[in-house]
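*Asks:* protein-v9.cif is the file, holding mmCIF, C-alpha atoms:
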data_start
#
loop_
_atom_site.label_atom_id
_atom_site.label_comp_id
_atom_site.auth_asym_id
_atom_site.auth_seq_id
_atom_site.Cartn_x
_atom_site.Cartn_y
_atom_site.Cartn_z
CA MET A 1174 152.44 111.22 100.43
CA LYS A 1175 148.92 110.83 101.79
CA HIS A 1176 147.04 107.56 101.46
CA ARG A 1177 144.13 108.24 99.13
CA ILE A 1178 140.78 106.76 100.16
CA VAL A 1179 137.88 107.17 97.74
CA VAL A 1180 134.34 106.33 98.84
CA LEU A 1181 131.84 105.87 96.01
CA GLY A 1182 128.26 106.62 96.99
CA ALA A 1183 126.86 108.66 99.88
CA GLY A 1184 123.84 106.64 100.88
CA TYR A 1185 123.55 105.20 104.38
CA ALA A 1186 126.52 102.85 103.88
CA GLY A 1187 128.89 105.16 102.00
CA ALA A 1188 128.27 108.25 104.12
CA THR A 1189 128.66 106.22 107.31
CA ALA A 1190 131.93 104.70 106.11
CA ALA A 1191 133.39 108.08 105.13
CA GLY A 1192 132.52 109.66 108.47
CA ARG A 1193 133.87 106.75 110.47
CA LEU A 1194 137.15 106.69 108.52
CA ALA A 1195 137.55 110.42 109.21
CA LYS A 1196 137.36 109.66 112.94
CA ARG A 1197 139.76 106.74 112.79
CA LEU A 1198 142.60 108.12 110.66
CA HIS A 1199 144.85 111.16 111.08
CA ARG A 1200 144.27 113.91 108.55
CA ASP A 1201 147.99 114.37 107.98
CA ASP A 1202 148.19 110.83 106.59
CA VAL A 1203 145.03 110.31 104.55
CA GLN A 1204 142.94 112.06 101.93
CA ILE A 1205 139.30 110.91 102.04
CA THR A 1206 137.12 111.76 99.04
CA LEU A 1207 133.40 111.00 98.97
CA VAL A 1208 131.87 110.87 95.47
CA ASN A 1209 128.11 111.12 94.99
CA ALA A 1210 125.85 112.07 92.09
CA ASP A 1211 123.31 113.92 94.27
CA PRO A 1212 124.50 116.95 96.26
CA GLU A 1213 122.28 115.87 99.17
CA PHE A 1214 122.07 112.81 101.37
CA VAL A 1215 118.92 110.95 100.37
CA GLU A 1216 116.91 109.18 103.07
CA ARG A 1217 116.04 106.21 100.92
CA VAL A 1218 113.91 104.61 103.63
CA ARG A 1219 111.54 107.59 103.32
CA MET A 1220 111.02 107.53 99.55
CA HIS A 1221 107.43 106.30 99.98
CA GLN A 1222 106.80 109.39 102.10
CA LEU A 1223 108.32 111.68 99.48
CA ALA A 1224 106.23 110.02 96.78
CA SER A 1225 103.03 110.54 98.76
CA GLY A 1226 103.58 114.30 98.97
CA GLN A 1227 105.54 114.79 102.19
CA GLU A 1228 108.57 117.05 102.36
CA LEU A 1229 111.92 115.74 103.61
CA ARG A 1230 114.59 117.76 105.33
CA PRO A 1231 117.48 118.59 102.95
CA ARG A 1232 120.95 117.49 104.05
CA PRO A 1233 123.59 118.93 101.67
CA LEU A 1234 126.62 116.65 101.75
CA ARG A 1235 129.14 119.48 101.73
CA GLU A 1236 127.51 120.90 104.86
CA VAL A 1237 127.31 117.46 106.49
CA PHE A 1238 131.04 116.81 106.06
CA ALA A 1239 132.30 120.37 106.56
CA GLY A 1240 135.20 120.33 108.99
CA THR A 1241 135.54 116.53 109.05
CA GLY A 1242 138.41 116.27 106.59
CA VAL A 1243 136.21 114.46 104.04
CA GLN A 1244 136.26 116.07 100.60
CA VAL A 1245 132.91 115.83 98.80
CA ARG A 1246 132.86 115.50 95.00
CA ILE A 1247 129.48 115.83 93.30
CA ALA A 1248 129.89 113.63 90.25
CA ARG A 1249 128.43 110.52 88.64
CA VAL A 1250 130.68 107.46 88.54
CA ALA A 1251 131.04 106.19 84.98
CA ALA A 1252 133.51 103.34 85.53
CA VAL A 1253 136.12 101.89 87.86
CA ASP A 1254 139.49 100.53 86.72
CA VAL A 1255 140.78 98.30 89.52
CA GLY A 1256 143.98 97.59 87.60
CA ARG A 1257 144.97 101.23 87.42
CA LYS A 1258 143.18 102.09 90.69
CA THR A 1259 141.19 104.90 89.11
CA VAL A 1260 137.57 106.04 89.03
CA ASP A 1261 136.17 107.54 85.83
CA LEU A 1262 133.88 110.48 86.59
CA GLY A 1263 132.92 111.11 82.98
CA GLY A 1264 134.57 113.19 80.30
CA ASP A 1265 138.30 113.35 80.97
CA GLU A 1266 137.98 113.34 84.76
CA THR A 1267 139.57 110.50 86.69
CA LEU A 1268 140.21 110.05 90.38
CA GLY A 1269 143.06 107.89 91.66
CA TYR A 1270 142.90 105.87 94.86
CA ASP A 1271 145.01 103.69 97.11
CA SER A 1272 141.96 102.26 98.90
CA LEU A 1273 138.45 102.20 97.51
CA VAL A 1274 135.15 101.85 99.40
CA TYR A 1275 132.46 100.92 96.89
CA ALA A 1276 128.95 101.86 98.08
CA LEU A 1277 126.99 102.65 94.93
CA GLY A 1278 123.91 100.86 96.22
CA SER A 1279 121.05 99.56 94.10
CA THR A 1280 118.13 100.58 91.95
CA GLY A 1281 114.81 99.00 91.03
CA ALA A 1282 114.87 95.71 89.11
CA ASP A 1283 112.26 95.02 86.44
CA HIS A 1284 113.30 91.34 86.07
CA GLY A 1285 112.80 91.66 82.33
CA VAL A 1286 109.03 92.07 82.65
CA PRO A 1287 107.73 93.86 79.52
CA GLY A 1288 106.25 97.28 80.12
CA VAL A 1289 107.83 97.99 83.50
CA ALA A 1290 110.38 100.44 82.14
CA GLU A 1291 107.79 102.21 79.98
CA TYR A 1292 104.77 102.35 82.27
CA ALA A 1293 105.64 101.62 85.91
CA HIS A 1294 106.85 104.01 88.60
CA SER A 1295 109.03 103.17 91.61
CA VAL A 1296 110.37 104.45 94.93
CA ALA A 1297 113.92 103.21 94.32
CA GLY A 1298 115.45 106.71 94.47
CA LYS A 1299 114.69 110.39 94.90
CA GLN A 1300 114.00 111.22 91.26
CA ALA A 1301 111.83 108.13 90.85
CA ALA A 1302 109.85 109.05 93.96
CA LEU A 1303 109.35 112.61 92.71
CA ARG A 1304 108.08 111.32 89.36
CA LEU A 1305 105.64 109.06 91.22
CA ARG A 1306 104.58 112.02 93.35
CA ALA A 1307 103.81 114.07 90.26
CA ARG A 1308 101.81 111.24 88.70
CA LEU A 1309 99.80 110.69 91.89
CA SER A 1310 98.85 114.37 91.92
CA GLU A 1311 97.34 113.95 88.45
CA LEU A 1312 95.03 111.07 89.41
CA ALA A 1313 91.34 111.80 89.83
CA PRO A 1314 89.30 110.30 92.67
CA GLY A 1315 88.53 106.65 92.07
CA ALA A 1316 91.64 106.05 89.97
CA THR A 1317 93.25 102.61 90.28
CA VAL A 1318 96.76 102.18 91.71
CA VAL A 1319 98.49 98.79 91.78
CA VAL A 1320 101.65 98.26 93.82
CA VAL A 1321 103.51 95.21 92.52
CA GLY A 1322 105.51 93.49 95.25
CA GLY A 1323 104.52 92.24 98.69
CA GLY A 1324 107.77 92.90 100.54
CA LEU A 1325 108.68 95.72 102.90
CA THR A 1326 108.90 98.34 100.15
CA GLY A 1327 105.60 97.35 98.57
CA ILE A 1328 103.74 97.30 101.88
CA GLU A 1329 105.09 100.71 102.90
CA ALA A 1330 104.37 102.26 99.50
CA ALA A 1331 100.82 100.91 99.31
CA THR A 1332 99.83 101.95 102.83
CA GLU A 1333 101.40 105.40 102.49
CA ILE A 1334 99.58 106.06 99.22
CA ALA A 1335 96.28 104.72 100.54
CA GLU A 1336 96.48 106.83 103.69
CA SER A 1337 97.43 110.06 101.91
CA ARG A 1338 94.95 109.48 99.05
CA PRO A 1339 91.93 107.63 100.48
CA ASP A 1340 90.02 108.59 97.32
CA LEU A 1341 92.12 106.17 95.22
CA ALA A 1342 91.51 102.45 94.70
CA VAL A 1343 94.83 100.97 95.87
CA SER A 1344 95.80 97.30 95.59
CA ILE A 1345 98.88 95.11 96.08
CA ALA A 1346 99.85 92.35 93.66
CA ALA A 1347 102.37 89.89 95.12
CA ARG A 1348 104.00 86.78 93.71
CA GLY A 1349 103.78 85.14 97.13
CA GLY A 1350 101.90 86.20 100.23
CA VAL A 1351 101.94 89.80 101.43
CA GLY A 1352 104.03 89.92 104.61
CA ASP A 1353 103.99 86.11 104.87
CA TRP A 1354 107.39 86.06 106.57
CA LEU A 1355 106.03 87.92 109.61
CA SER A 1356 104.92 86.41 112.90
CA GLU A 1357 101.26 85.49 113.38
CA LYS A 1358 100.61 88.60 115.47
CA ALA A 1359 102.25 90.90 112.93
CA GLN A 1360 100.40 89.29 110.01
CA ARG A 1361 97.06 89.77 111.76
CA HIS A 1362 97.83 93.43 112.35
CA LEU A 1363 99.02 93.91 108.77
CA ASN A 1364 95.90 92.31 107.33
CA GLY A 1365 93.71 94.45 109.57
CA THR A 1366 95.53 97.61 108.48
CA LEU A 1367 95.27 96.76 104.78
CA ASP A 1368 91.54 96.19 105.26
CA ARG A 1369 91.16 99.44 107.23
CA LEU A 1370 92.87 101.42 104.47
CA GLY A 1371 90.74 99.75 101.79
CA ILE A 1372 93.72 98.10 100.06
CA THR A 1373 92.82 95.11 97.89
CA VAL A 1374 95.31 92.23 98.08
CA HIS A 1375 96.14 89.96 95.13
CA GLU A 1376 98.43 87.17 96.35
CA HIS A 1377 100.26 84.44 94.42
CA LEU A 1378 100.01 86.51 91.27
CA ASP A 1379 102.86 86.34 88.76
CA VAL A 1380 102.85 89.65 86.89
CA THR A 1381 104.15 89.04 83.37
CA ARG A 1382 103.36 92.35 81.68
CA VAL A 1383 102.57 95.97 82.52
CA THR A 1384 100.58 98.24 80.22
CA ALA A 1385 99.50 101.84 80.47
CA SER A 1386 96.21 100.75 82.06
CA ALA A 1387 96.75 97.36 83.71
CA VAL A 1388 99.04 94.71 85.11
CA ILE A 1389 98.65 91.27 83.52
CA ASP A 1390 99.48 87.88 85.01
CA GLY A 1391 100.55 84.60 83.41
CA ALA A 1392 96.94 83.54 82.87
CA ALA A 1393 96.26 86.76 80.93
CA ARG A 1394 94.11 88.14 83.76
CA GLU A 1395 94.16 91.93 83.98
CA ILE A 1396 94.07 94.14 87.06
CA PRO A 1397 93.14 97.72 86.13
CA ALA A 1398 95.97 100.12 86.94
CA GLU A 1399 95.96 103.74 85.90
CA LEU A 1400 99.18 103.86 87.90
CA THR A 1401 101.54 100.94 88.52
CA VAL A 1402 104.18 101.15 91.28
CA TRP A 1403 106.88 98.52 90.82
CA THR A 1404 108.59 97.36 94.04
CA ALA A 1405 109.38 93.76 93.07
CA GLY A 1406 113.08 93.71 93.91
CA PHE A 1407 116.31 95.65 93.51
CA ALA A 1408 119.39 95.33 91.33
CA VAL A 1409 122.88 96.72 91.81
CA HIS A 1410 124.48 99.14 89.40
CA PRO A 1411 126.44 97.34 86.64
CA ILE A 1412 129.72 99.19 87.24
CA ALA A 1413 131.31 96.54 89.48
CA ALA A 1414 130.43 93.69 87.11
CA ALA A 1415 132.27 95.51 84.32
CA THR A 1416 135.54 95.40 86.32
CA GLU A 1417 137.92 92.56 87.21
CA LEU A 1418 136.42 92.37 90.70
CA THR A 1419 134.90 89.05 91.73
CA VAL A 1420 131.14 89.57 91.75
CA SER A 1421 128.09 87.40 92.34
CA ASP A 1422 125.61 86.41 89.64
CA ALA A 1423 123.62 89.48 90.67
CA GLY A 1424 126.65 91.78 90.22
CA GLN A 1425 127.40 92.34 93.91
CA ILE A 1426 131.06 92.52 94.94
CA VAL A 1427 131.94 89.38 96.91
CA VAL A 1428 133.62 90.37 100.18
CA ASP A 1429 135.07 88.69 103.25
CA ALA A 1430 133.96 89.29 106.84
CA SER A 1431 135.80 92.64 106.93
CA MET A 1432 133.94 93.81 103.78
CA ARG A 1433 137.12 93.54 101.69
CA SER A 1434 136.94 92.24 98.14
CA ILE A 1435 138.10 88.62 97.92
CA SER A 1436 139.92 89.40 94.67
CA HIS A 1437 141.29 92.93 95.19
CA PRO A 1438 142.43 93.68 98.77
CA GLU A 1439 142.53 97.46 98.21
CA VAL A 1440 138.77 97.46 97.52
CA TYR A 1441 136.04 97.33 100.16
CA ALA A 1442 132.32 97.10 99.37
CA VAL A 1443 129.39 97.91 101.64
CA GLY A 1444 125.62 98.14 101.51
CA ASP A 1445 123.53 96.77 98.66
CA ALA A 1446 126.58 96.66 96.38
CA ALA A 1447 128.26 93.91 98.44
CA LEU A 1448 127.59 90.21 98.92
CA ALA A 1449 128.58 89.55 102.52
CA GLU A 1450 127.92 86.70 104.90
CA GLY A 1451 126.01 87.44 108.08
CA ALA A 1452 124.78 85.47 111.07
CA GLY A 1453 124.10 81.82 110.37
CA GLY A 1454 126.12 81.95 107.16
CA LYS A 1455 123.27 83.70 105.33
CA PRO A 1456 123.90 86.57 102.89
CA LEU A 1457 123.01 89.97 104.32
CA ARG A 1458 119.90 91.38 102.68
CA MET A 1459 119.77 94.68 100.83
CA SER A 1460 118.62 97.11 103.50
CA CYS A 1461 119.57 100.07 105.67
CA ALA A 1462 119.77 97.60 108.56
CA SER A 1463 122.65 95.86 106.76
CA GLY A 1464 124.32 98.93 105.27
CA GLY A 1465 125.18 100.65 108.55
CA PRO A 1466 126.91 97.69 110.23
CA MET A 1467 128.70 96.82 106.99
CA ALA A 1468 130.04 100.38 106.81
CA TRP A 1469 131.24 100.23 110.42
CA GLN A 1470 132.95 96.91 109.69
CA ALA A 1471 134.68 98.13 106.54
CA ALA A 1472 135.84 101.45 108.02
CA ASP A 1473 137.20 99.84 111.18
CA ALA A 1474 138.96 97.08 109.22
CA LEU A 1475 140.53 99.47 106.72
CA ALA A 1476 141.65 101.84 109.48
CA ALA A 1477 143.11 98.96 111.48
CA ARG A 1478 145.10 97.66 108.54
CA LEU A 1479 146.40 101.10 107.66
CA THR A 1480 147.49 101.82 111.24
CA GLY A 1481 148.99 98.41 111.99
CA ARG A 1482 146.33 97.35 114.47
CA LYS A 1483 144.36 94.15 114.85
CA VAL A 1484 141.40 93.87 112.49
CA PRO A 1485 138.16 93.53 114.48
CA GLU A 1486 136.06 90.45 113.79
CA THR A 1487 132.30 90.78 114.13
CA THR A 1488 129.47 88.75 112.66
CA ILE A 1489 126.67 91.04 111.50
CA GLY A 1490 123.17 90.03 112.58
CA TYR A 1491 119.71 91.54 112.87
CA ASN A 1492 117.46 92.49 115.80
CA PHE A 1493 114.18 93.63 114.24
CA GLN A 1494 112.43 94.74 111.07
CA CYS A 1495 110.61 98.10 110.95
CA ILE A 1496 107.54 98.54 108.77
CA SER A 1497 105.61 101.78 108.50
CA LEU A 1498 101.91 101.49 107.65
CA GLY A 1499 101.25 105.14 106.96
CA ARG A 1500 102.17 107.85 109.45
CA ARG A 1501 100.28 106.56 112.51
CA ASP A 1502 100.62 102.80 112.29
CA GLY A 1503 103.41 100.29 111.97
CA ILE A 1504 104.98 96.95 112.85
CA ILE A 1505 108.23 96.26 114.68
CA GLN A 1506 108.93 92.59 114.06
CA LEU A 1507 111.60 91.09 116.32
CA VAL A 1508 113.88 88.67 114.46
CA THR A 1509 116.72 86.26 115.14
CA PRO A 1510 120.27 87.32 114.18
CA ASP A 1511 119.80 85.51 110.85
CA ASP A 1512 116.59 87.50 110.18
CA GLN A 1513 113.88 84.96 111.02
CA ALA A 1514 110.74 86.31 112.63
CA LYS A 1515 110.21 85.69 116.33
CA SER A 1516 106.75 85.47 117.85
CA THR A 1517 107.14 88.94 119.39
CA ALA A 1518 106.05 92.08 117.53
CA VAL A 1519 105.10 95.64 118.44
CA THR A 1520 102.19 97.04 116.43
CA GLY A 1521 100.11 100.18 116.02
CA ARG A 1522 101.06 103.71 117.08
CA ALA A 1523 103.85 102.50 119.34
CA ALA A 1524 105.48 100.75 116.38
CA ALA A 1525 105.05 103.86 114.23
CA ARG A 1526 106.84 105.94 116.86
CA ILE A 1527 109.68 103.41 117.10
CA LYS A 1528 110.04 103.30 113.32
CA GLU A 1529 110.21 107.09 113.19
CA LEU A 1530 112.88 107.15 115.90
CA VAL A 1531 114.94 104.58 113.98
CA CYS A 1532 114.70 106.51 110.71
CA ALA A 1533 115.36 109.87 112.35
CA GLY A 1534 118.28 108.43 114.30
CA ALA A 1535 119.88 107.01 111.17
CA ALA A 1536 119.56 110.36 109.37
CA TRP A 1537 120.88 112.25 112.41
CA SER A 1538 123.96 110.04 112.55
CA ILE A 1539 124.66 110.74 108.88
CA GLY A 1540 124.17 114.46 109.45
CA HIS A 1541 126.57 114.46 112.44
CA PRO A 1542 129.39 112.14 111.33
CA THR A 1543 131.81 113.17 114.08
CA MET A 1544 129.52 113.14 117.10
CA LEU A 1545 128.48 109.55 117.76
CA MET A 1546 131.78 108.20 119.01
CA PRO A 1547 135.06 109.62 120.30
CA SER A 1548 137.70 110.40 117.71
CA ARG A 1549 140.79 108.22 117.81
CA ARG A 1550 142.66 109.41 114.78
CA ARG A 1551 145.79 107.30 114.39
CA HIS A 1552 148.71 107.62 112.00
CA VAL A 1553 149.10 105.36 109.01
CA VAL A 1554 152.07 103.00 109.32
CA ALA A 1555 154.80 103.46 106.76
CA THR A 1556 154.35 100.04 105.22
CA GLY A 1557 150.67 100.59 104.44
CA GLU A 1558 148.14 97.81 104.87
CA VAL A 1559 148.90 94.93 107.21
CA GLU A 1560 148.29 91.90 105.01
CA THR A 1561 148.75 89.42 107.87
CA ASP A 1562 145.45 90.52 109.41
CA LEU A 1563 143.24 89.18 106.65
CA VAL A 1564 139.76 88.26 107.86
CA THR A 1565 138.01 85.43 106.04
CA PRO A 1566 134.30 84.65 106.08
CA ARG A 1567 133.12 82.53 108.97
CA ARG A 1568 130.47 79.92 108.31
CA GLY A 1569 127.89 78.49 110.66
#
What does this structure look like when you write it as structure tokens?
*Replies:*
Amino acid sequence: MKHRIVVLGAGYAGATAAGRLAKRLHRDDVQITLVNADPEFVERVRMHQLASGQELRPRPLREVFAGTGVQVRIARVAAVDVGRKTVDLGGDETLGYDSLVYALGSTGADHGVPGVAEYAHSVAGKQAALRLRARLSELAPGATVVVVGGGLTGIEAATEIAESRPDLAVSIAARGGVGDWLSEKAQRHLNGTLDRLGITVHEHLDVTRVTASAVIDGAAREIPAELTVWTAGFAVHPIAAATELTVSDAGQIVVDASMRSISHPEVYAVGDAALAEGAGGKPLRMSCASGGPMAWQAADALAARLTGRKVPETTIGYNFQCISLGRRDGIIQLVTPDDQAKSTAVTGRAAARIKELVCAGAAWSIGHPTMLMPSRRRHVVATGEVETDLVTPRRG
């Protein structure tokens, strides 16, 4: 009987894990099923581009994985039962598994701020970005747009909107400083770009309410906003927290260094859905930069255990952060493995070209899951997983 592997979610992490497992394990021994609600792979790092009116290349998942041995199921996950090892796909449909790779990702978090759900837009997913796109097209020249959040997503959304719609009055409202984690060189370039694009910056502003026409801070000060774009954080889907899996306070599945659940060894979690330790003992941040390496780690560890081989041990770290500032400008901030900014940064058109190469390369690798590395499909050992090769988190 084939070992059933179910991968939930086909974002960067889930799609990468499914493709890598297909190259590691022999088709005669495993059945790999990839479950995703959207029939296409969504380039989440380009949602600010989609929202601003640009078209993205479609990548149907069934075409992507044709001939790989990965079966694609277009369905929305309703629940997971880790006791019975089943996935509820709604109605009377269930899917059984022997090994589960959980990669359902994240969505926008409103942090309980009144009015966000009713009045704010986001770029947290394809449908949200398309709704924002439609709303932007309705705005008349001079209309006010406030992007709440001074992190990577907020900066990219604000600059993309301001560049594509120079007739709008765009501003950023941030609880802290906008881009204050960057090096001195990168901050100077960012500030210059925001000024060039006419973006007003409101720093150290705690937004406590959103209305149909403004964002309001704790001192009851109002910033006019005919359109509010909320980018102040992400939250994971609540499905994992409703199971017996050990999860963090934020609902992420707690995993060891091989991305395996610390409470249920048949479950692996990758991407935003997992709480994993990276370089320096710091939790990996929610990002594409984390999701890819986590997927590689999980797929290689699961394949090794199933085939009786040694589980690879690798500490995931970072090299740089990519920030697009519209289509012709950007910042490549070099960082330490534990994600602290170095003094070195690439800025301007060169950075924009590098960012585009990174994004295009990530999408190309998803679209060609069997081409990036040689196939070494090995047979599953009769006894199943090798429990003696457990990998535990390393600290320091």
*Asks:* Return the single residue from A:Tyr1441, A:Thr1384, A:Asp1502, A:Leu1475 that is closest to Val1553 (chain A), with distances computed using only C-alpha atoms.
*Replies:*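 Distance minimum relative to Val1553 (chain A) lands on A:Leu1475.
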*Asks:* Could you tell me which residues the PyMOL selection byres ((chain A and resi 1199) around 12) grabs in this file, written as a ChimeraX atom specification?
*Replies:* /A:1175-1176,1193-1198,1200-1205,1241-1243,1476,1479-1480,1548-1554
*Asks:* Neighbours of Val1250 (chain A) within 9 Å (all atoms listed in the file; same-chain residues fewer than 4 positions away dropped), as a PyMOL selection string?
*Replies:* chain A and resi 1181-1182+1208-1210+1260-1263+1277+1412
*Asks:* Could you list, as a PDB file with C-alpha atoms, in the coordinates of the input, every residue within 10 Å of Ser1434 (chain A), counting only C-alpha atoms and ignoring same-chain residues fewer than 4 positions away?
*Replies:*
ATOM      1  CA  VAL A1274     135.150 101.850  99.400  1.00  0.00           C
ATOM      2  CA  TYR A1275     132.460 100.920  96.890  1.00  0.00           C
ATOM      3  CA  LEU A1418     136.420  92.370  90.700  1.00  0.00           C
ATOM      4  CA  THR A1419     134.900  89.050  91.730  1.00  0.00           C
ATOM      5  CA  VAL A1420     131.140  89.570  91.750  1.00  0.00           C
ATOM      6  CA  ILE A1426     131.060  92.520  94.940  1.00  0.00           C
ATOM      7  CA  VAL A1427     131.940  89.380  96.910  1.00  0.00           C
ATOM      8  CA  VAL A1428     133.620  90.370 100.180  1.00  0.00           C
ATOM      9  CA  ASP A1429     135.070  88.690 103.250  1.00  0.00           C
ATOM     10  CA  ALA A1430     133.960  89.290 106.840  1.00  0.00           C
ATOM     11  CA  PRO A1438     142.430  93.680  98.770  1.00  0.00           C
ATOM     12  CA  GLU A1439     142.530  97.460  98.210  1.00  0.00           C
ATOM     13  CA  VAL A1440     138.770  97.460  97.520  1.00  0.00           C
ATOM     14  CA  TYR A1441     136.040  97.330 100.160  1.00  0.00           C
ATOM     15  CA  ALA A1442     132.320  97.100  99.370  1.00  0.00           C
ATOM     16  CA  ALA A1447     128.260  93.910  98.440  1.00  0.00           C
ATOM     17  CA  LEU A1448     127.590  90.210  98.920  1.00  0.00           C
ATOM     18  CA  ALA A1449     128.580  89.550 102.520  1.00  0.00           C
TER      19      ALA A1449
END
*Asks:* Could you check which of A:Leu1223, A:Leu1341, A:Ala1405, A:Val1380 is closest to Ala1392 (chain A), using only C-alpha atoms?
*Replies:* A:Val1380
*Asks:* Quick one: apply the PyMOL selection byres ((chain A and resi 1398) around 8) to the file and drop the selected residues here as a VMD selection string.
*Replies:* chain A and resid 1316 to 1319 1385 to 1388 1396 to 1397 1399 to 1401
*Asks:* Please produce a file of the residues just selected, as a PDB file, in the frame of the given file, where the atoms kept are C-alpha atoms.
*Replies:*
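Writing the result to selection_30.pdb gives the following:
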ATOM      1  CA  ALA A1316      91.640 106.050  89.970  1.00  0.00           C
ATOM      2  CA  THR A1317      93.250 102.610  90.280  1.00  0.00           C
ATOM      3  CA  VAL A1318      96.760 102.180  91.710  1.00  0.00           C
ATOM      4  CA  VAL A1319      98.490  98.790  91.780  1.00  0.00           C
ATOM      5  CA  ALA A1385      99.500 101.840  80.470  1.00  0.00           C
ATOM      6  CA  SER A1386      96.210 100.750  82.060  1.00  0.00           C
ATOM      7  CA  ALA A1387      96.750  97.360  83.710  1.00  0.00           C
ATOM      8  CA  VAL A1388      99.040  94.710  85.110  1.00  0.00           C
ATOM      9  CA  ILE A1396      94.070  94.140  87.060  1.00  0.00           C
ATOM     10  CA  PRO A1397      93.140  97.720  86.130  1.00  0.00           C
ATOM     11  CA  GLU A1399      95.960 103.740  85.900  1.00  0.00           C
ATOM     12  CA  LEU A1400      99.180 103.860  87.900  1.00  0.00           C
ATOM     13  CA  THR A1401     101.540 100.940  88.520  1.00  0.00           C
TER      14      THR A1401
END
*Asks:* Mind telling me what the PyMOL selection byres ((chain A and resi 1322) around 9) catches here, as an MDAnalysis selection string?
*Replies:* chainID A and resid 1320:1321 1323:1328 1345:1349 1351 1402:1406
